[in-house]
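A.B. asks: I have a structure I would like to understand better, so I am pasting it below and will then ask my questions one at a time.
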Amino acid sequence: MVVYAFDVGETLVDESRLWLRYAHQIGVPPLTFIGVLGAAIAEGRDQRDVFQHFDVDLDRFEANLAWRNRPEDVILPDDFYPDVIPTLETLQRVGHRVVVAGNQNKRTSHALDAMNLPVDLIRGAEQWGARKPTRRFFRRLIREAAVPPGDIVYVGDRVDHDILPALDLGIRAVLIRRGPWGHVHASWPDAARADAVIGSLRALL
Ligand SMILES: [Mg+2]
């Protein structure tokens with residue numbers, strides 16, 4: 001039995017709809033917003049910088065979204081990449097445990113909980129009080145997985161937030177090359193440290 005643990009954004013979820021929605025909400029043309037995001041990713045900067053670039057305070061922006069409480073401002077069932085449900089179902093069926101553990105906030109975790117996904121556990125940074133890429137986040141994952149770190153496979157799209165900190169604690173790490181981070185990070189030298197680089201979750205099977 002292996003515990004497969006998954007990042008959320010761009011590993012399970014195609015965030016295109018959400019990022020274009022943010023661009024619309026802050027009144028920036030979509031190509032401009034996505035281009036500036038791409039530059040931040042290429043330079044290894046935080047996505048917070050993208051909002052700052054357009055004079056938007058991300059904490060206030062997120063607080064406003066939470067207050068409005070519209071389901072379309074968080075993940076919707078149609079946002080999942082098409083390989084997600086079949087792969088997670090198969091992993092469970094053959095006897096593995098499936099965990100979703102990302103930097104998502106409570107609202108997103110609750111939205112995921114309500115979707116009846118084929119997973120054993122859903123946990124987010126806000127629930128754990130620890131964010132990636134801290135060791136605390138991954139130590140918490142090891143504790144909740146209740147298996148030795150070498151029996152956990154963490155799957156994510158970011159070398160800096162997912163792959164390196166997982167490997168540091170003896171967790172196996174798989175980089176998925178999709179989404180803007182995945183495509184950019186796959187060419188970083190440290191990507192070679194991942195146990196595997198895959199293009200689809202189906203490759204896990
Ligand atoms: Mg991600």
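Here, A, B, ... name the chains of the structure tokens in the order displayed, residue numbers run from 1 inside each chain, and ligands are numbered from 1 in the same displayed order.
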Find the residues around Leu112 (chain A) up to 12 Å (only C-alpha atoms counted), leave out those fewer than 3 positions away in its own chain, and share them as a list in words.
C.D. replies: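 Here the answer would be Val8, Leu12, Val13, Pro71, Val74, Ile75, Leu76, Pro77, Asp79, Phe80, Val99, Val100, Ala101, Gly102, Gln104, Asn105, Lys106, Arg107, Thr108, Ser109, Met115, Asn116, Leu117, Pro118, Val119, Leu121, Ile122, Arg123 and Gly124 of chain A.
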A.B. asks: List all protein, DNA and RNA residues that have any atom at most 9 Å from ligand 1, counting only C-alpha atoms and all ligand atoms, and write the list as a VMD selection string.
C.D. replies: chain A and resid 6 to 13 102 to 103 156 to 158 161 to 162 179 181 to 182
A.B. asks: Could you dump the residues just selected with C-alpha atoms as an mmCIF file, in the first residue's frame?
C.D. replies:
data_model
loop_
_atom_site.group_PDB
_atom_site.id
_atom_site.type_symbol
_atom_site.label_atom_id
_atom_site.label_comp_id
_atom_site.auth_asym_id
_atom_site.auth_seq_id
_atom_site.Cartn_x
_atom_site.Cartn_y
_atom_site.Cartn_z
ATOM 1 C CA PHE A 6 -1.776 15.261 -4.435
ATOM 2 C CA ASP A 7 -1.284 18.981 -4.702
ATOM 3 C CA VAL A 8 -4.460 20.732 -5.936
ATOM 4 C CA GLY A 9 -3.784 23.671 -8.298
ATOM 5 C CA GLU A 10 -2.693 22.515 -11.759
ATOM 6 C CA THR A 11 -2.115 18.990 -10.477
ATOM 7 C CA LEU A 12 -5.781 18.054 -10.084
ATOM 8 C CA VAL A 13 -7.449 21.285 -11.109
ATOM 9 C CA GLY A 102 -2.371 21.356 -0.994
ATOM 10 C CA ASN A 103 -2.093 25.009 -0.050
ATOM 11 C CA GLY A 156 2.719 18.251 -7.693
ATOM 12 C CA ASP A 157 3.389 20.745 -10.467
ATOM 13 C CA ARG A 158 6.006 22.870 -8.680
ATOM 14 C CA HIS A 161 6.788 23.934 -3.414
ATOM 15 C CA ASP A 162 6.163 20.268 -4.052
ATOM 16 C CA GLY A 179 -0.073 24.191 -16.058
ATOM 17 C CA TRP A 181 4.427 26.130 -13.253
ATOM 18 C CA GLY A 182 4.760 22.544 -14.422
#
A.B. asks: When you draw a straight line from CA of Pro29 (chain A) to CA of Gly44 (chain A), how long is it in Å?
C.D. replies: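 Here the two named atoms are 22.9 Å from each other.
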A.B. asks: Show which residues sit within 12 Å of Ala192 (chain A), as a list in words. Count only C-alpha atoms, and ignore same-chain residues fewer than 6 positions away.
C.D. replies: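 That gives Val159, Ile163, Leu164, Leu167, Ala173, Val174, Leu175, His185, Ala186 and Ile198 of chain A.
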A.B. asks: Would you list, as a list in words, the residues of region 18-190 of chain A that end up in strand (DSSP E or B) under DSSP run on this structure's backbone?
C.D. replies: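 Residues of region 18-190 of chain A classed as strand (DSSP E or B): Phe80, Arg97, Val98, Val99, Val100, Ala101, Gly102, Leu121, Ile122, Arg123, Gly124, Ile152, Val153, Tyr154, Val155, Gly156, Arg172, Ala173, Val174, Leu175 and Ile176 of chain A.
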A.B. asks: Rank nothing, just name the residue among A:Pro180, A:Ser16, A:Leu201, A:Gly150 nearest to Gly38 (chain A), using only C-alpha atoms.
C.D. replies: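 Closest residue, counting only C-alpha atoms: A:Pro180.
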A.B. asks: From the set A:Ala111, A:Leu91, A:Val155, A:Ala194, which residue has the shortest atom-to-atom contact distance to Val2 (chain A), counting only C-alpha atoms?
C.D. replies: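 Closest to Val2 (chain A) of all the choices is A:Leu91.
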A.B. asks: Can you list, as a PyMOL selection string, every protein, DNA or RNA residue that comes within 12 Å of Ala23 (chain A) when you count only C-alpha atoms, leaving out same-chain residues fewer than 4 positions away?
C.D. replies: chain A and resi 16-19+27-37+50-51+54+56+61
